[in-house]
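All remarks here apply to the structure that follows.
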Amino acid sequence: MIPYGRQDITQADIDAVVAVLQSDFLTQGPQVPEFEKRVAHHVGANHAIAVNSATSALHIACLALGLGPGDYLWTTPITFVASANCGLYCGAQVDFVDIDPKTYTLCPLALARKLELAEREGRLPKVLVPVHMCGQPCDMQAIHELALRYGFKVIEDASHAIGGKYNNHPIGSGRYSDITVFSFHPVKIITTAEGGMALTNDADLAARMSLLRSHGITRDPQAMTHAADGPWYYQQVDLGFNYRMTELQAALGVSQMNRLDDYVARRHELAVRYDQLLADLPVKTPWQHADGYSGWHLYVIRLQLDKIAPSHRQVFDSLREQGIGVNLHYIPVHTQPYYARLGFQPEAYPESQRFYAEAISLPLFHTMTEAQQDQVVVALARALKV
Ligand SMILES: *Cc1c(COP(=O)(O)O)cnc(C)c1O
C-alpha cells in the first residue's frame, strides 16, 4: 500500500534521539529550548512554546487569549476536529464559517457576512481559528483586517503549513495573527512522533502559554505573588496542565528541522507533477493562490462527478483495492455526532458538504518516488473508468 503520508527518519534523527537517551535529561533539558529556538528563528517569530501536540497548543493558545464561558470561537468545518474542540475545552461555544470553494480554506467573504450579523446580534467571536488547509495559506490579510475591525483574536492552525509562506513571510511569523500553531504528528511535514508548538510575537502571551504548559507553576521570582520560602520553592499561579514535550521528541524535531526546506521543496515538485499528470482526468486539481507558498501537507483532488460513471465511494474503494492508501480530509466537523448533538445542521455549510462529497487525498510525502506517483495516477485513471 502506498500511504497518503509518511514520515522520513534518517540515521541522523536516530543518532540525535539515542544521544538524548544516553544523556542526563529525558525531559526538561536543553533540547526543548533548542527546538523552540530553531523553529522560531526559521519562521521569524519572537517566542515559541513546544508542547506534546498541536491540540495542546491550540488549547493553551485559546486560554492565553482569555477564551472562556460566554465566548465564541469560530473555525472552518473542513479541518481536523481539534481546531474546534479547543474552544469547547475552554467552556466557549464553537461556530463555523464555510469554506471558499476554490481554496478549501475559511472564506473571508462568508466570514465578513457572518461577522456583520453577529455584531447586530451581539455574538461576535473572541477567537477565530483559520486553518491553512493542505498547507495553502488562508487569506490572512483579509482575516487580519476583519480582526482589527471587529476586535477578535486570530490563532492560525498551521498544522499543515510549516515551511510555507504567505506574502513572502514564513507561516508562523505572526504578521497577521496573535498565535500560530504547528503539529509534528508523523503524517505532517516534520515530526516529533507526537508534538506541537505555539508561536507568538507577544511576550505576555508566550509567558502565559509557558505557564499553562506546565501546571501553571513558576520558579521565576518575578512571576511569583510573594517571595519564595527558600531555594526549593515554586508557586502555582494558574491552573495549567502537563503538556510538555520530551527531550527525545525535541531532539528529533531539531534534527528534522535541518531538512524542512528540502521536504517542502520536494512536496512542491510532486504537487506540480501531479497537476501535470492529472490534467486530462475528470478531477479538479488543487488551485493555488499566487500570494501563498504551500507547505503541501496534502494533495486533495475533487472528482467531477457529473463527468464520471462511478460514485465518489466507488472511486475511493477502487483506489484502496489497487493499493493506493487514499484518505479523505476532512469529514466536516459540524456533522460529527458530537457536534450534531450541539445542534449543528449538516446543510448549514453547503460548500463544505460539496467538498466532502467530492474530495480524495492522494498520497504525498517527501520520500515518494516518481514511479509511486505514476502508479497512483494509473490507479486513479482506472478507478475513474475513463
Ligand atoms: C493534525 C492536526 C491537528 C492536531 O494535531 P496533533 O498534533 O495531532 O494534536 C490540528 N489541526 C489540524 C488542521 C491538523 O491537521
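Ordered as shown in the C-alpha cells, chains take letters A, B, and onward, while each chain numbers its residues from 1 and ligands are numbered from 1 in the order shown.
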Selection as a PyMOL selection string: residues within 9 Å of ligand 1 by only C-alpha atoms and all ligand atoms: chain A and resi 52-58+78-84+131-134+157-160+181-188+193-197+297+329
Within 9 Å of His268 in chain A, counting only C-alpha atoms, which residues qualify if same-chain residues fewer than 6 places away don't, as a PDB file with N, CA and C atoms, in the first residue's frame?
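Full text of around.pdb as output:
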ATOM      1  N   SER A 294       2.656  26.978  -0.521  1.00  0.00           N
ATOM      2  CA  SER A 294       2.033  25.969   0.333  1.00  0.00           C
ATOM      3  C   SER A 294       3.070  25.091   1.024  1.00  0.00           C
ATOM      4  N   GLY A 295       2.715  24.585   2.179  1.00  0.00           N
ATOM      5  CA  GLY A 295       3.519  23.546   2.832  1.00  0.00           C
ATOM      6  C   GLY A 295       3.267  22.189   2.203  1.00  0.00           C
ATOM      7  N   TRP A 296       2.183  22.109   1.406  1.00  0.00           N
ATOM      8  CA  TRP A 296       1.795  20.870   0.712  1.00  0.00           C
ATOM      9  C   TRP A 296       1.776  19.663   1.638  1.00  0.00           C
TER      10      TRP A 296
END
All alpha helix (DSSP H) residues (DSSP, backbone) inside range 141-346 of chain A, as a PyMOL selection string: chain A and resi 141-150+203-213+247-257+260-277+312-321+337-341
Proximity to Val97 in chain A - best of A:Tyr243, A:Phe152, A:Tyr293, A:Trp74, only C-alpha atoms: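 Residue with the minimum atom-to-atom distance to Val97 in chain A: A:Trp74.
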Contact residues around Leu362 in chain A with only C-alpha atoms at 9 Å, ignoring same-chain residues under 6 positions, as a ChimeraX atom specification: /A:3-5,298-301,324-328,376
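Candidate residues A:Asp95, A:Asp202, A:Glu358, A:Asp275 were compared for distance to Val377 in chain A, and the nearest is A:Asp275, using only C-alpha atoms.
Computed from the coordinates, the CA of Arg273 in chain A to CA of Met140 in chain A distance equals 27.5 Å.
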DSSP strand (DSSP E) residues within range 36-80 of chain A, listed as a list in words: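 Output for range 36-80 of chain A, strand (DSSP E) only: His47, Ala48, Ile49, Ala50, Val51, Tyr72, Leu73, Trp74 and Thr75 of chain A.
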Counting only C-alpha atoms, what are the residues of range 265-287 of chain A within 12 Å of range 364-370 of chain A, and for each of them which pair of atoms is the nearest and at what distance in Å, to one decimal? Sort the table by chain and rising number, as CSV.
residue,atom,partner,partner_atom,distance
A:Ala265,CA,A:His366,CA,8.8
A:Arg266,CA,A:His366,CA,5.8
A:Arg267,CA,A:His366,CA,5.8
A:His268,CA,A:His366,CA,9.4
A:Glu269,CA,A:His366,CA,9.5
A:Leu270,CA,A:Leu364,CA,7.4
A:Ala271,CA,A:Leu364,CA,7.9
A:Val272,CA,A:Leu364,CA,11.5
A:Arg273,CA,A:Glu370,CA,8.7
A:Tyr274,CA,A:Leu364,CA,9.6
A:Leu277,CA,A:Glu370,CA,11.1
Proximity to Gln373 in chain A - best of A:Asp178, A:Gln276, A:Ile143, A:Asp15, only C-alpha atoms: A:Gln276
Distance of CA of Pro137 in chain A from CA of Gly87 in chain A, expressed in Å to one decimal place: 21.7 Å
Exercise: Arg244 in chain A partners within 10 Å, only C-alpha atoms, chain neighbours under 2 positions left out, as a VMD selection string: chain A and resid 27 to 28 32 49 to 53 56 195 to 196 210 212 to 215 241 to 242 246 to 247
Write the residues you've just listed into a file as a compact mmCIF listing (two decimals), in the first residue's frame, and include N, CA, C and O atoms for each of them.
# COMPACT_ATOMS: atom_id res chain seq x y z
N THR A 27 13.55 14.72 29.98
CA THR A 27 12.55 15.79 29.89
C THR A 27 13.13 17.03 30.57
O THR A 27 14.05 16.92 31.40
N GLN A 28 12.64 18.20 30.18
CA GLN A 28 13.02 19.48 30.80
C GLN A 28 14.55 19.73 30.76
O GLN A 28 15.10 20.26 31.71
N VAL A 32 14.48 20.91 24.28
CA VAL A 32 13.22 21.61 24.03
C VAL A 32 13.47 23.08 23.70
O VAL A 32 13.00 23.57 22.66
N ILE A 49 6.64 27.96 22.01
CA ILE A 49 6.38 27.09 23.16
C ILE A 49 6.08 25.70 22.61
O ILE A 49 5.04 25.47 21.99
N ALA A 50 7.01 24.77 22.83
CA ALA A 50 6.84 23.40 22.36
C ALA A 50 5.95 22.65 23.35
O ALA A 50 6.11 22.79 24.57
N VAL A 51 5.03 21.86 22.83
CA VAL A 51 4.13 21.07 23.66
C VAL A 51 3.98 19.66 23.07
O VAL A 51 4.62 19.33 22.06
N ASN A 52 3.16 18.83 23.72
CA ASN A 52 3.07 17.42 23.33
C ASN A 52 2.13 17.16 22.15
O ASN A 52 2.04 16.04 21.68
N SER A 53 1.43 18.18 21.66
CA SER A 53 0.62 18.03 20.44
C SER A 53 0.13 19.40 20.00
O SER A 53 0.14 20.35 20.78
N SER A 56 -2.85 20.36 22.15
CA SER A 56 -2.48 21.06 23.39
C SER A 56 -2.12 22.51 23.10
O SER A 56 -2.48 23.41 23.88
N GLY A 195 3.61 15.84 18.92
CA GLY A 195 4.21 17.12 19.30
C GLY A 195 3.54 18.28 18.60
O GLY A 195 2.89 18.11 17.56
N GLY A 196 3.70 19.43 19.21
CA GLY A 196 3.15 20.65 18.61
C GLY A 196 3.90 21.85 19.14
O GLY A 196 4.77 21.72 20.02
N SER A 210 3.57 29.37 28.43
CA SER A 210 4.61 28.58 29.12
C SER A 210 4.11 28.08 30.47
O SER A 210 4.35 26.93 30.84
N LEU A 212 0.92 27.62 31.34
CA LEU A 212 -0.16 26.65 31.14
C LEU A 212 0.36 25.30 30.68
O LEU A 212 -0.24 24.26 30.96
N ARG A 213 1.50 25.28 30.00
CA ARG A 213 2.10 24.03 29.54
C ARG A 213 2.52 23.15 30.71
O ARG A 213 2.58 21.95 30.61
N SER A 214 2.86 23.77 31.84
CA SER A 214 3.43 23.00 32.94
C SER A 214 2.76 23.38 34.26
O SER A 214 3.36 24.03 35.11
N HIS A 215 1.48 22.99 34.39
CA HIS A 215 0.74 23.06 35.66
C HIS A 215 0.43 24.47 36.17
O HIS A 215 -0.14 24.61 37.25
N PHE A 241 -1.53 22.56 32.91
CA PHE A 241 -1.62 21.14 32.52
C PHE A 241 -0.21 20.58 32.44
O PHE A 241 0.75 21.32 32.58
N ASN A 242 -0.10 19.27 32.20
CA ASN A 242 1.21 18.77 31.80
C ASN A 242 1.14 18.51 30.30
O ASN A 242 0.73 17.43 29.86
N THR A 246 8.86 15.93 25.40
CA THR A 246 10.05 15.30 25.98
C THR A 246 11.31 15.74 25.22
O THR A 246 11.24 16.26 24.10
N GLU A 247 12.46 15.48 25.83
CA GLU A 247 13.74 15.78 25.19
C GLU A 247 13.97 14.92 23.94
O GLU A 247 14.57 15.36 22.97
Tell me, counting only C-alpha atoms, for each residue of range 145-200 of chain A within 12 Å of range 37-41 of chain A, which pair of atoms is nearest and how far apart they are in Å to one decimal, in rows ordered by chain and increasing number, as JSON lines.
{"residue": "A:Ile162", "atom": "CA", "partner": "A:Val39", "partner_atom": "CA", "distance": 9.2}
{"residue": "A:Gly163", "atom": "CA", "partner": "A:Val39", "partner_atom": "CA", "distance": 9.9}
{"residue": "A:Pro170", "atom": "CA", "partner": "A:His41", "partner_atom": "CA", "distance": 10.4}
{"residue": "A:Ile171", "atom": "CA", "partner": "A:Ala40", "partner_atom": "CA", "distance": 10.7}
{"residue": "A:Gly172", "atom": "CA", "partner": "A:Ala40", "partner_atom": "CA", "distance": 8.0}
{"residue": "A:Ser173", "atom": "CA", "partner": "A:Ala40", "partner_atom": "CA", "distance": 8.2}
{"residue": "A:Gly174", "atom": "CA", "partner": "A:Ala40", "partner_atom": "CA", "distance": 10.6}
{"residue": "A:Thr180", "atom": "CA", "partner": "A:Ala40", "partner_atom": "CA", "distance": 10.8}
{"residue": "A:Val181", "atom": "CA", "partner": "A:Val39", "partner_atom": "CA", "distance": 11.4}
{"residue": "A:Phe182", "atom": "CA", "partner": "A:Val39", "partner_atom": "CA", "distance": 9.9}
{"residue": "A:Phe184", "atom": "CA", "partner": "A:Val39", "partner_atom": "CA", "distance": 11.8}
{"residue": "A:Ile190", "atom": "CA", "partner": "A:Val39", "partner_atom": "CA", "distance": 11.2}
{"residue": "A:Gly196", "atom": "CA", "partner": "A:Val39", "partner_atom": "CA", "distance": 11.1}
{"residue": "A:Met197", "atom": "CA", "partner": "A:Val39", "partner_atom": "CA", "distance": 8.9}
{"residue": "A:Ala198", "atom": "CA", "partner": "A:Ala40", "partner_atom": "CA", "distance": 9.6}
{"residue": "A:Leu199", "atom": "CA", "partner": "A:Ala40", "partner_atom": "CA", "distance": 7.1}
{"residue": "A:Thr200", "atom": "CA", "partner": "A:Ala40", "partner_atom": "CA", "distance": 8.9}
Can you write out the residues you just picked, keeping N, CA, C and O atoms, as a compact mmCIF listing (two decimals), in the first residue's frame?
# COMPACT_ATOMS: atom_id res chain seq x y z
N ILE A 162 3.85 24.24 8.12
CA ILE A 162 5.21 24.67 8.46
C ILE A 162 6.07 24.59 7.18
O ILE A 162 5.93 23.66 6.38
N GLY A 163 6.89 25.60 6.98
CA GLY A 163 7.70 25.65 5.76
C GLY A 163 7.04 26.41 4.63
O GLY A 163 7.66 26.68 3.61
N PRO A 170 7.25 33.77 6.15
CA PRO A 170 7.02 32.38 6.59
C PRO A 170 5.75 32.27 7.43
O PRO A 170 5.46 33.16 8.24
N ILE A 171 5.01 31.19 7.24
CA ILE A 171 3.87 30.89 8.10
C ILE A 171 4.44 30.72 9.52
O ILE A 171 5.39 29.97 9.72
N GLY A 172 3.85 31.46 10.46
CA GLY A 172 4.38 31.42 11.84
C GLY A 172 5.03 32.73 12.22
O GLY A 172 5.32 32.95 13.40
N SER A 173 5.27 33.60 11.23
CA SER A 173 5.91 34.88 11.54
C SER A 173 4.97 35.80 12.33
O SER A 173 5.41 36.76 12.96
N GLY A 174 3.67 35.51 12.28
CA GLY A 174 2.72 36.22 13.13
C GLY A 174 2.36 37.62 12.66
O GLY A 174 1.87 38.43 13.45
N THR A 180 0.37 31.26 16.23
CA THR A 180 0.35 30.24 15.17
C THR A 180 0.70 28.90 15.81
O THR A 180 1.58 28.83 16.67
N VAL A 181 0.01 27.85 15.35
CA VAL A 181 0.21 26.52 15.92
C VAL A 181 0.68 25.55 14.83
O VAL A 181 0.11 25.53 13.74
N PHE A 182 1.72 24.76 15.15
CA PHE A 182 2.20 23.70 14.26
C PHE A 182 1.97 22.34 14.90
O PHE A 182 2.01 22.22 16.13
N PHE A 184 3.42 18.25 14.85
CA PHE A 184 4.53 17.40 14.44
C PHE A 184 4.15 15.93 14.50
O PHE A 184 4.98 15.05 14.76
N ILE A 190 7.12 17.87 9.24
CA ILE A 190 8.21 17.30 10.04
C ILE A 190 7.58 16.70 11.29
O ILE A 190 6.47 17.08 11.67
N GLY A 196 3.70 19.43 19.21
CA GLY A 196 3.15 20.65 18.61
C GLY A 196 3.90 21.85 19.14
O GLY A 196 4.77 21.72 20.02
N MET A 197 3.57 23.02 18.58
CA MET A 197 4.24 24.23 19.04
C MET A 197 3.32 25.42 18.81
O MET A 197 2.58 25.46 17.81
N ALA A 198 3.39 26.38 19.73
CA ALA A 198 2.66 27.63 19.57
C ALA A 198 3.70 28.75 19.44
O ALA A 198 4.65 28.80 20.22
N LEU A 199 3.52 29.61 18.43
CA LEU A 199 4.45 30.72 18.21
C LEU A 199 3.72 32.04 18.31
O LEU A 199 2.56 32.15 17.89
N THR A 200 4.41 33.02 18.88
CA THR A 200 3.80 34.34 19.01
C THR A 200 4.90 35.40 19.10
O THR A 200 6.05 35.08 19.44
Long-range neighbours of Pro346 in chain A as a PyMOL selection string, 7 Å cut-off, only C-alpha atoms, 3 positions minimum in chain: chain A and resi 334-335+349
Distance query range 303-320 of chain A at most 8 Å, only C-alpha atoms, self and fewer than 2 positions along chain excluded, as a PyMOL selection string: chain A and resi 282-284+301+322-326+357-360+379-380+383-386
Please produce a file of the residues just selected, as a PDB file, in the first residue's frame, where the atoms kept are N, CA and C atoms.
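What landed in part.pdb:
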ATOM      1  N   PRO A 282     -10.922  13.578 -15.282  1.00  0.00           N
ATOM      2  CA  PRO A 282     -12.074  14.357 -14.806  1.00  0.00           C
ATOM      3  C   PRO A 282     -12.014  14.625 -13.289  1.00  0.00           C
ATOM      4  N   VAL A 283     -10.949  15.291 -12.895  1.00  0.00           N
ATOM      5  CA  VAL A 283     -10.785  15.683 -11.488  1.00  0.00           C
ATOM      6  C   VAL A 283     -10.342  17.134 -11.441  1.00  0.00           C
ATOM      7  N   LYS A 284     -10.659  17.779 -10.310  1.00  0.00           N
ATOM      8  CA  LYS A 284     -10.210  19.156 -10.104  1.00  0.00           C
ATOM      9  C   LYS A 284      -8.934  19.083  -9.268  1.00  0.00           C
ATOM     10  N   ILE A 301      -7.676  16.055  -4.423  1.00  0.00           N
ATOM     11  CA  ILE A 301      -8.394  16.264  -5.689  1.00  0.00           C
ATOM     12  C   ILE A 301      -9.895  16.236  -5.415  1.00  0.00           C
ATOM     13  N   GLN A 322      -6.598  -1.106  -5.152  1.00  0.00           N
ATOM     14  CA  GLN A 322      -5.398  -1.120  -6.000  1.00  0.00           C
ATOM     15  C   GLN A 322      -4.117  -0.766  -5.219  1.00  0.00           C
ATOM     16  N   GLY A 323      -4.228  -0.713  -3.905  1.00  0.00           N
ATOM     17  CA  GLY A 323      -3.031  -0.488  -3.082  1.00  0.00           C
ATOM     18  C   GLY A 323      -2.644   0.967  -2.932  1.00  0.00           C
ATOM     19  N   ILE A 324      -3.584   1.849  -3.185  1.00  0.00           N
ATOM     20  CA  ILE A 324      -3.296   3.278  -3.031  1.00  0.00           C
ATOM     21  C   ILE A 324      -3.986   3.737  -1.739  1.00  0.00           C
ATOM     22  N   GLY A 325      -3.191   4.149  -0.779  1.00  0.00           N
ATOM     23  CA  GLY A 325      -3.727   4.496   0.545  1.00  0.00           C
ATOM     24  C   GLY A 325      -4.347   5.878   0.583  1.00  0.00           C
ATOM     25  N   VAL A 326      -5.375   6.054  -0.223  1.00  0.00           N
ATOM     26  CA  VAL A 326      -6.035   7.367  -0.241  1.00  0.00           C
ATOM     27  C   VAL A 326      -6.761   7.602   1.075  1.00  0.00           C
ATOM     28  N   ALA A 357     -18.226  15.645  -0.461  1.00  0.00           N
ATOM     29  CA  ALA A 357     -18.821  14.689  -1.399  1.00  0.00           C
ATOM     30  C   ALA A 357     -17.900  14.377  -2.581  1.00  0.00           C
ATOM     31  N   GLU A 358     -16.849  15.191  -2.756  1.00  0.00           N
ATOM     32  CA  GLU A 358     -16.004  15.043  -3.960  1.00  0.00           C
ATOM     33  C   GLU A 358     -14.528  14.809  -3.668  1.00  0.00           C
ATOM     34  N   ALA A 359     -14.084  15.084  -2.443  1.00  0.00           N
ATOM     35  CA  ALA A 359     -12.640  15.139  -2.160  1.00  0.00           C
ATOM     36  C   ALA A 359     -12.017  13.765  -1.933  1.00  0.00           C
ATOM     37  N   ILE A 360     -10.785  13.623  -2.386  1.00  0.00           N
ATOM     38  CA  ILE A 360      -9.948  12.461  -2.070  1.00  0.00           C
ATOM     39  C   ILE A 360      -8.512  12.963  -1.917  1.00  0.00           C
ATOM     40  N   ALA A 379      -3.708   4.098 -11.291  1.00  0.00           N
ATOM     41  CA  ALA A 379      -4.802   3.530 -10.499  1.00  0.00           C
ATOM     42  C   ALA A 379      -6.012   4.463 -10.497  1.00  0.00           C
ATOM     43  N   LEU A 380      -5.750   5.759 -10.432  1.00  0.00           N
ATOM     44  CA  LEU A 380      -6.857   6.720 -10.415  1.00  0.00           C
ATOM     45  C   LEU A 380      -7.605   6.693 -11.747  1.00  0.00           C
ATOM     46  N   ALA A 383      -9.733   3.763 -11.746  1.00  0.00           N
ATOM     47  CA  ALA A 383     -10.858   3.919 -10.812  1.00  0.00           C
ATOM     48  C   ALA A 383     -11.951   4.813 -11.401  1.00  0.00           C
ATOM     49  N   LEU A 384     -11.527   5.811 -12.185  1.00  0.00           N
ATOM     50  CA  LEU A 384     -12.489   6.734 -12.779  1.00  0.00           C
ATOM     51  C   LEU A 384     -13.160   6.114 -14.007  1.00  0.00           C
ATOM     52  N   LYS A 385     -12.599   4.999 -14.452  1.00  0.00           N
ATOM     53  CA  LYS A 385     -13.090   4.243 -15.627  1.00  0.00           C
ATOM     54  C   LYS A 385     -13.169   5.126 -16.861  1.00  0.00           C
ATOM     55  N   VAL A 386     -12.043   5.769 -17.161  1.00  0.00           N
ATOM     56  CA  VAL A 386     -12.024   6.610 -18.371  1.00  0.00           C
ATOM     57  C   VAL A 386     -11.012   6.046 -19.369  1.00  0.00           C
TER      58      VAL A 386
END
Residues near Pro221 in chain A, cut-off 12 Å, only C-alpha atoms, skip fewer than 5 positions along chain, as a list in words: His226, Ala227, Ala228, Asp229, Gly230, Pro231, Tyr233, Tyr234, Gln235 and Val237 of chain A
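Distances from A:Arg354, A:Arg6, A:His42, A:His169 to Asn258 in chain A were compared using only C-alpha atoms, and the smallest one belongs to A:His42.
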